[in-house]
Every structure is written in C-alpha cells, then in structure tokens.
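> Sharing entry.cif below, mmCIF, C-alpha atoms:
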data_model
loop_
_atom_site.label_atom_id
_atom_site.label_comp_id
_atom_site.auth_asym_id
_atom_site.auth_seq_id
_atom_site.Cartn_x
_atom_site.Cartn_y
_atom_site.Cartn_z
CA MET A 619 10.25 17.14 18.47
CA ARG A 620 9.42 15.80 21.93
CA ASN A 621 6.22 13.90 22.60
CA ARG A 622 4.17 12.28 25.37
CA LEU A 623 3.09 9.32 23.30
CA ARG A 624 4.67 6.70 25.54
CA VAL A 625 3.06 8.24 28.65
CA LEU A 626 -0.37 8.48 27.04
CA ARG A 627 -0.11 4.90 25.82
CA ALA A 628 1.00 3.62 29.22
CA GLU A 629 -1.89 5.43 30.90
CA ARG A 630 -4.25 3.35 28.80
CA ASP A 631 -2.30 0.12 29.29
CA TRP A 632 -1.81 -0.28 25.57
CA THR A 633 1.14 -2.06 24.04
CA GLN A 634 2.95 -0.54 21.07
CA ALA A 635 1.22 -3.16 18.93
CA ASP A 636 -2.20 -2.07 20.27
CA LEU A 637 -1.46 1.56 19.44
CA ALA A 638 -0.08 0.60 16.03
CA GLU A 639 -3.32 -1.26 15.24
CA LYS A 640 -5.45 1.67 16.33
CA LEU A 641 -3.41 4.13 14.26
CA GLU A 642 -3.14 1.71 11.31
CA VAL A 643 0.66 1.96 11.24
CA SER A 644 3.38 -0.58 11.97
CA ARG A 645 4.70 -1.23 15.49
CA GLN A 646 8.11 0.02 14.29
CA THR A 647 6.49 3.34 13.41
CA VAL A 648 5.01 3.66 16.91
CA ASN A 649 8.42 2.87 18.39
CA ALA A 650 10.15 5.46 16.17
CA LEU A 651 7.52 8.05 17.17
CA GLU A 652 7.91 7.33 20.88
CA THR A 653 11.69 7.48 20.77
CA GLY A 654 11.53 10.75 18.83
CA LYS A 655 13.39 9.30 15.86
CA TYR A 656 10.51 10.12 13.58
CA ASP A 657 8.13 13.07 13.56
CA PRO A 658 4.69 12.20 12.21
CA SER A 659 3.00 13.90 9.30
CA LEU A 660 0.20 16.32 10.15
CA PRO A 661 -2.57 13.81 9.23
CA LEU A 662 -0.99 11.15 11.49
CA ALA A 663 -0.50 13.69 14.29
CA PHE A 664 -4.22 14.55 14.04
CA ARG A 665 -5.12 10.84 14.15
CA ILE A 666 -2.97 10.39 17.27
CA ALA A 667 -4.50 13.44 18.95
CA LYS A 668 -8.03 12.28 18.12
CA LEU A 669 -7.32 8.79 19.43
CA PHE A 670 -6.13 10.14 22.80
CA GLY A 671 -8.80 12.86 22.90
CA VAL A 672 -6.29 15.72 23.25
CA THR A 673 -4.88 18.42 21.01
CA ILE A 674 -1.70 17.94 18.97
CA GLU A 675 0.09 20.53 21.15
CA GLU A 676 -0.66 18.45 24.22
CA ILE A 677 1.26 15.54 22.71
CA PHE A 678 3.97 17.10 20.57
CA ARG A 679 6.21 20.01 21.38
CA PRO A 680 9.24 21.48 19.63
CA GLU A 681 12.60 20.32 21.05
CA GLU A 682 13.71 23.85 22.03
CA GLU A 683 10.45 24.51 23.86
CA ALA A 684 10.82 21.25 25.78
CA VAL A 685 14.38 22.22 26.74
CA LEU A 686 13.38 25.74 27.78
CA SER A 687 10.52 24.62 30.02
CA PRO A 688 11.35 21.21 31.48
CA GLU A 689 8.65 21.60 34.15
CA ALA A 690 6.02 21.50 31.41
CA GLU A 691 7.27 18.00 30.56
CA SER A 692 6.08 16.61 33.89
CA SER A 693 2.61 18.25 33.71
CA MET B 350 -18.98 -0.02 18.73
CA ASN B 351 -16.36 2.39 17.46
CA SER B 352 -13.54 0.31 18.92
CA MET B 353 -15.08 -2.81 17.35
CA VAL B 354 -15.14 -1.12 13.95
CA SER B 355 -11.56 0.07 14.53
CA THR B 356 -10.40 -3.44 15.49
CA LEU B 357 -12.12 -4.92 12.47
CA SER B 358 -10.60 -2.29 10.24
CA SER B 359 -7.07 -2.78 11.60
CA GLY B 360 -7.53 -6.55 11.39
CA SER B 361 -8.52 -6.32 7.77
CA GLN B 362 -5.60 -3.94 7.19
CA ALA B 363 -3.19 -6.53 8.61
CA GLU B 364 -4.78 -9.15 6.37
CA ALA B 365 -4.45 -6.85 3.35
CA SER B 366 -0.80 -6.23 4.22
CA SER B 367 -0.20 -9.97 4.53
CA ARG B 368 -1.94 -10.58 1.18
CA ARG B 369 0.21 -7.92 -0.46
CA GLY B 370 3.34 -9.51 1.04
CA SER B 371 2.37 -12.96 -0.25
CA ARG B 372 1.67 -11.64 -3.74
CA LEU B 373 4.99 -9.75 -3.73
CA LEU B 374 6.86 -12.88 -2.64
CA ALA B 375 5.12 -14.95 -5.31
CA ALA B 376 6.01 -12.36 -7.96
CA ALA B 377 9.65 -12.22 -6.77
CA LEU B 378 9.91 -16.02 -6.77
CA SER B 379 8.40 -16.38 -10.24
CA PHE B 380 10.82 -13.75 -11.56
CA ALA B 381 13.81 -15.45 -9.84
CA ILE B 382 12.86 -18.89 -11.18
CA LEU B 383 12.36 -17.56 -14.71
CA TYR B 384 15.59 -15.56 -14.55
CA ILE B 385 17.70 -18.50 -13.35
CA GLY B 386 16.05 -20.75 -15.95
CA ALA B 387 16.63 -18.20 -18.71
CA LEU B 388 20.23 -17.72 -17.60
CA ALA B 389 20.89 -21.44 -17.85
CA ALA B 390 19.01 -21.81 -21.15
CA THR B 391 20.75 -18.89 -22.88
CA GLU B 392 24.10 -20.56 -22.30
CA LEU B 393 23.04 -23.76 -24.08
CA GLU B 394 24.53 -23.49 -27.54
CA ALA B 395 22.39 -26.41 -28.75
CA ILE B 396 19.40 -24.04 -28.70
CA PRO B 397 19.11 -21.80 -31.82
CA LYS B 398 20.19 -18.20 -31.23
CA ALA B 399 16.78 -16.68 -32.06
CA LEU B 400 15.12 -18.96 -29.53
CA ARG B 401 17.75 -18.09 -26.92
CA ILE B 402 17.02 -14.39 -27.43
CA ALA B 403 13.30 -15.10 -26.90
CA ILE B 404 14.16 -17.09 -23.76
CA ALA B 405 16.34 -14.22 -22.52
CA LEU B 406 13.28 -11.96 -22.63
CA LEU B 407 11.06 -14.39 -20.71
CA PRO B 408 11.85 -12.89 -17.26
CA VAL B 409 10.78 -9.41 -18.43
CA PRO B 410 6.99 -9.97 -18.09
CA ALA B 411 7.62 -11.68 -14.74
CA PHE B 412 9.57 -8.63 -13.62
CA ALA B 413 6.77 -6.36 -14.84
CA PHE B 414 4.37 -8.39 -12.68
CA PHE B 415 6.82 -8.04 -9.76
CA LEU B 416 7.00 -4.28 -10.38
CA VAL B 417 3.20 -3.94 -10.25
CA GLU B 418 3.12 -5.86 -6.96
CA TRP B 419 6.06 -3.82 -5.65
CA ILE B 420 4.29 -0.52 -6.33
CA ARG B 421 1.06 -1.89 -4.83
CA ASN B 422 3.02 -2.89 -1.74
CA ILE B 423 4.70 0.53 -1.43
CA ARG B 424 1.31 2.24 -1.66
CA GLY B 425 0.06 0.11 1.22
CA LEU B 426 2.95 1.04 3.53
CA ASP B 427 2.61 3.55 6.34
CA GLU B 428 4.39 6.91 6.19
CA LEU B 429 7.56 5.85 8.05
CA GLU B 430 7.98 2.73 5.94
CA ARG B 431 7.59 4.86 2.82
CA ARG B 432 10.30 7.19 4.10
CA VAL B 433 12.56 4.18 4.75
CA GLN B 434 12.01 3.08 1.14
CA LEU B 435 12.78 6.57 -0.13
CA GLU B 436 16.00 6.76 1.90
CA SER B 437 17.01 3.28 0.66
CA LEU B 438 16.66 4.50 -2.92
CA ALA B 439 18.43 7.75 -2.04
CA VAL B 440 21.44 5.62 -1.06
CA ALA B 441 21.11 3.05 -3.85
CA PHE B 442 20.74 5.49 -6.74
CA PRO B 443 23.99 7.48 -6.29
CA LEU B 444 25.90 4.27 -5.55
CA SER B 445 24.57 2.81 -8.80
CA VAL B 446 25.58 5.97 -10.67
CA VAL B 447 29.08 5.79 -9.20
CA LEU B 448 29.44 2.11 -10.10
CA LEU B 449 28.28 2.61 -13.70
CA MET B 450 30.39 5.74 -14.08
CA ALA B 451 33.49 4.00 -12.72
CA LEU B 452 32.95 0.98 -14.96
CA GLY B 453 32.46 3.29 -17.94
CA LEU B 454 35.68 5.17 -17.21
CA ILE B 455 37.65 1.98 -16.68
CA GLN B 456 36.21 0.64 -19.93
CA SER B 457 37.52 3.69 -21.75
CA VAL B 458 41.02 2.69 -20.61
CA THR B 459 40.84 -1.07 -20.89
CA GLN B 460 38.39 -3.69 -22.08
CA LEU B 461 36.64 -5.27 -19.10
CA ASN B 462 36.23 -9.03 -19.25
CA PRO B 463 32.58 -9.55 -20.34
CA LEU B 464 32.59 -12.85 -18.44
CA ASP B 465 32.93 -10.82 -15.24
CA TRP B 466 31.50 -7.39 -16.03
CA SER B 467 28.60 -7.74 -18.45
CA TYR B 468 25.13 -6.28 -17.73
CA ARG B 469 24.06 -9.52 -16.08
CA HIS B 470 26.92 -9.22 -13.60
CA VAL B 471 26.33 -5.54 -12.86
CA TRP B 472 22.56 -5.38 -12.20
CA PRO B 473 22.70 -7.50 -9.02
CA PHE B 474 24.94 -4.74 -7.58
CA LEU B 475 22.05 -2.30 -7.96
CA VAL B 476 19.80 -4.64 -5.98
CA ALA B 477 22.55 -5.03 -3.37
CA PHE B 478 22.83 -1.22 -3.10
CA TYR B 479 19.08 -1.02 -2.46
CA PHE B 480 19.32 -3.56 0.37
CA PHE B 481 22.36 -1.72 1.75
CA GLY B 482 20.31 1.50 1.76
CA LEU B 483 17.40 -0.36 3.36
CA VAL B 484 19.61 -1.58 6.21
CA LEU B 485 20.94 1.96 6.79
CA ALA B 486 17.46 3.51 6.74
CA ARG B 487 15.96 0.83 9.02
CA ARG B 488 18.80 1.28 11.53
CA ARG B 489 18.17 5.01 11.61
CA TYR B 490 14.55 4.65 12.73
CA ARG B 491 14.96 1.52 14.86
#
Before we go any further, please render this structure as structure tokens.


Amino acid sequence: MRNRLRVLRAERDWTQADLAEKLEVSRQTVNALETGKYDPSLPLAFRIAKLFGVTIEEIFRPEEEAVLSPEAESS
Amino acid sequence: MNSMVSTLSSGSQAEASSRRGSRLLAAALSFAILYIGALAATELEAIPKALRIAIALLPVPAFAFFLVEWIRNIRGLDELERRVQLESLAVAFPLSVVLLMALGLIQSVTQLNPLDWSYRHVWPFLVAFYFFGLVLARRRYR
C-alpha cells in the first residue's frame, strides 16, 4: 500500500511525534506507516483520514494502482 | 478547543503509558530479586527441605503480578506494537518447541547433566527466544 502521509504531515509542518500524539500511536508506528512498512487497520486509517480532513482513498492506495498511474501520485 | 482536548488526551495517554512501564519494571524487578534470592536460598542445605520448597515457590506470586502488568501493558500498546509482540511470540514459540523437543530426544538417548540442563537452566532460553523474536520484529518495521 502506498500513502501520502508524509506529504500531508509536511504540509502541516508536523513532526512524526506531533502526528503520533494526535493519532495516539507511537512515533515508530507513524514512521512505519510513512515508509509503507506497515498498513494501518481500518479504524486507524479512518482516524488518519479524519485528522487530515480527507477520505481514506485520498491517502492510501493499493501498490498496483500506484504503479499503474504514477501521475496520480503527484496530484 | 478540539486540539486542546486532543493534546490533553495524548498527554494523559503518554502519562498512562509511562505509568504502565514503571509498574511493569517494578513487577519485573521484584520477580528478578525474589527469583535470585530463592535460587540462592534453595541451594543452602542448612535450610530444611520443606522450607526450601516453600522458598522455591516464592517467585510465583511475583511472576503472577508481573504477568498481570504485562497483559495490562500489552493492552495499552498501539496496533503496530501489538503486531510486533505477536511476531516476537511467533518466533519464540516454535524455537521453544524445537529446544524442548531436541532436549527430550537427546534425553531419550543419554542422561543430560541436571547441573546444566534442568528446568531452571532451560526457561531462560525461552525468554531469550522472545527477545530474539522482538529484535527481528522491531527491525522489520523500523
């Protein structure tokens, strides 16, 4: 799964620790999410989407979809 | 207002996590102290055997206390940390099975020296396997 978590966080000038606090997870979890090493559960994905005020699909996208449409990555 | 509530809530969550960690450490230390003390006391032949058996069981309640704190701590972890714990156990459990199975098979061939391979020598391996699994799991998500 690919995600735009790092971009969305950077847009708000938040550190990983800030985001971790807001999501009530550890900083390591935020790092693992951003690097794509860990895919969040549905409840956590909803919390992330709500925090950034976007839908889950606007943050997370299946790997194959991201590979097929790389231009969507930049939008 | 919402962000203030959120900050307060995450602050109190960090405090709760720290409290859980302190309690877990205290429980682990009390178990370790009791275990080391019991280990030393059970080897003193001047103490009557019945009393030594009672002393040998002293660390059990301390471990039960540790177990309660351990479970409480696990329940307070976030979802990735819980997965790391699960993967640690997924490594540690089969390794423990292999160790016990191998020791059992060897024992059916030859008598292992109880001064080297009694229960008290084997259980620390299980703890070591858990930490080995923990290192592997942490590295995976680092």

> Report the residues retrieved by the PyMOL selection byres ((chain B and resi 490) around 6) from the displayed file, expressed as a list of chain:residue names.

A:Ala650, A:Lys655, B:Arg487, B:Arg488, B:Arg489, B:Arg491

> Taking only C-alpha atoms into account, which residues of chain A are within 7 Å of chain B, as a list in words?

Glu639, Lys640, Glu642, Val643, Thr647, Ala650, Lys655 and Tyr656 of chain A

> Give as a list in words the residues that the PyMOL selection byres ((chain B and resi 397-408) around 10) matches when applied to the coordinates above.

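Checking the PyMOL selection byres ((chain B and resi 397-408) around 10) against this file, the residues are Ser379, Phe380, Ala381, Ile382, Leu383, Tyr384, Ile385, Gly386, Ala387, Leu388, Ala389, Ala390, Thr391, Glu392, Leu393, Glu394, Ala395, Ile396, Val409, Pro410, Ala411, Phe412, Ala413 and Phe414 of chain B.
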
> Would you translate the PyMOL selection byres ((chain A and resi 664) around 12) into the concrete set of residues it matches in this file, as a list in words?

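Output of the PyMOL selection byres ((chain A and resi 664) around 12): Leu641, Pro658, Ser659, Leu660, Pro661, Leu662, Ala663, Arg665, Ile666, Ala667, Lys668, Leu669, Phe670, Gly671, Val672, Thr673, Ile674, Glu675, Glu676, Ile677 and Phe678 of chain A.
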
> Could you dump the residues just selected with C-alpha atoms as a PDB file, in the coordinates of the input?


ATOM      1  CA  LEU A 641      -3.410   4.130  14.260  1.00  0.00           C
ATOM      2  CA  PRO A 658       4.690  12.200  12.210  1.00  0.00           C
ATOM      3  CA  SER A 659       3.000  13.900   9.300  1.00  0.00           C
ATOM      4  CA  LEU A 660       0.200  16.320  10.150  1.00  0.00           C
ATOM      5  CA  PRO A 661      -2.570  13.810   9.230  1.00  0.00           C
ATOM      6  CA  LEU A 662      -0.990  11.150  11.490  1.00  0.00           C
ATOM      7  CA  ALA A 663      -0.500  13.690  14.290  1.00  0.00           C
ATOM      8  CA  ARG A 665      -5.120  10.840  14.150  1.00  0.00           C
ATOM      9  CA  ILE A 666      -2.970  10.390  17.270  1.00  0.00           C
ATOM     10  CA  ALA A 667      -4.500  13.440  18.950  1.00  0.00           C
ATOM     11  CA  LYS A 668      -8.030  12.280  18.120  1.00  0.00           C
ATOM     12  CA  LEU A 669      -7.320   8.790  19.430  1.00  0.00           C
ATOM     13  CA  PHE A 670      -6.130  10.140  22.800  1.00  0.00           C
ATOM     14  CA  GLY A 671      -8.800  12.860  22.900  1.00  0.00           C
ATOM     15  CA  VAL A 672      -6.290  15.720  23.250  1.00  0.00           C
ATOM     16  CA  THR A 673      -4.880  18.420  21.010  1.00  0.00           C
ATOM     17  CA  ILE A 674      -1.700  17.940  18.970  1.00  0.00           C
ATOM     18  CA  GLU A 675       0.090  20.530  21.150  1.00  0.00           C
ATOM     19  CA  GLU A 676      -0.660  18.450  24.220  1.00  0.00           C
ATOM     20  CA  ILE A 677       1.260  15.540  22.710  1.00  0.00           C
ATOM     21  CA  PHE A 678       3.970  17.100  20.570  1.00  0.00           C
TER      22      PHE A 678
END

> Just how far from atom CA of A:Gln634 is atom CA of B:Glu418, in Å to one decimal?

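Going from atom CA of B:Glu418 over to atom CA of A:Gln634, I get 28.5 Å.
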
> Please compute the atom CA of B:Ser467-atom CA of B:Val447 distance, one decimal, in Å.

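Spanning atom CA of B:Ser467 to atom CA of B:Val447 is a straight-line distance of 16.4 Å.
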
> Just to confirm, what's the straight-line distance from atom CA of B:Leu378 to atom CA of B:Val476 in Å (one decimal)?

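Separation of atom CA of B:Leu378 and atom CA of B:Val476: 15.1 Å.
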
> Using all atoms listed in the file, find all polymer residues with an atom at most 9 Å away from the point (25.7, 3.4, -4.7); report them as a list in words.

Ala439, Val440, Ala441, Phe442, Pro443, Leu444, Ser445, Val446, Val447, Leu448, Phe474, Leu475, Phe478, Tyr479, Phe481 and Gly482 of chain B

> Using all atoms listed in the file, which of the listed residues (B:Ala365, B:Leu374, B:Val417, B:Leu483) sits closest to B:Leu438?

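So, comparing all the options, the nearest one is B:Leu483.
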
> Need to verify the contact set: A:Arg679, 9 Å, all atoms listed in the file, exclusion of same-chain residues closer than 6 positions in sequence. Can you return it as number ranges by chain?

A: 619-622

> Would you save the residues from that selection as a tab-separated table (two decimals), in the frame of the given file, using C-alpha atoms?


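Output contents, as saved in selection_38.tsv:
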chain	number	residue	atom	x	y	z
A	619	MET	CA	10.25	17.14	18.47
A	620	ARG	CA	9.42	15.80	21.93
A	621	ASN	CA	6.22	13.90	22.60
A	622	ARG	CA	4.17	12.28	25.37
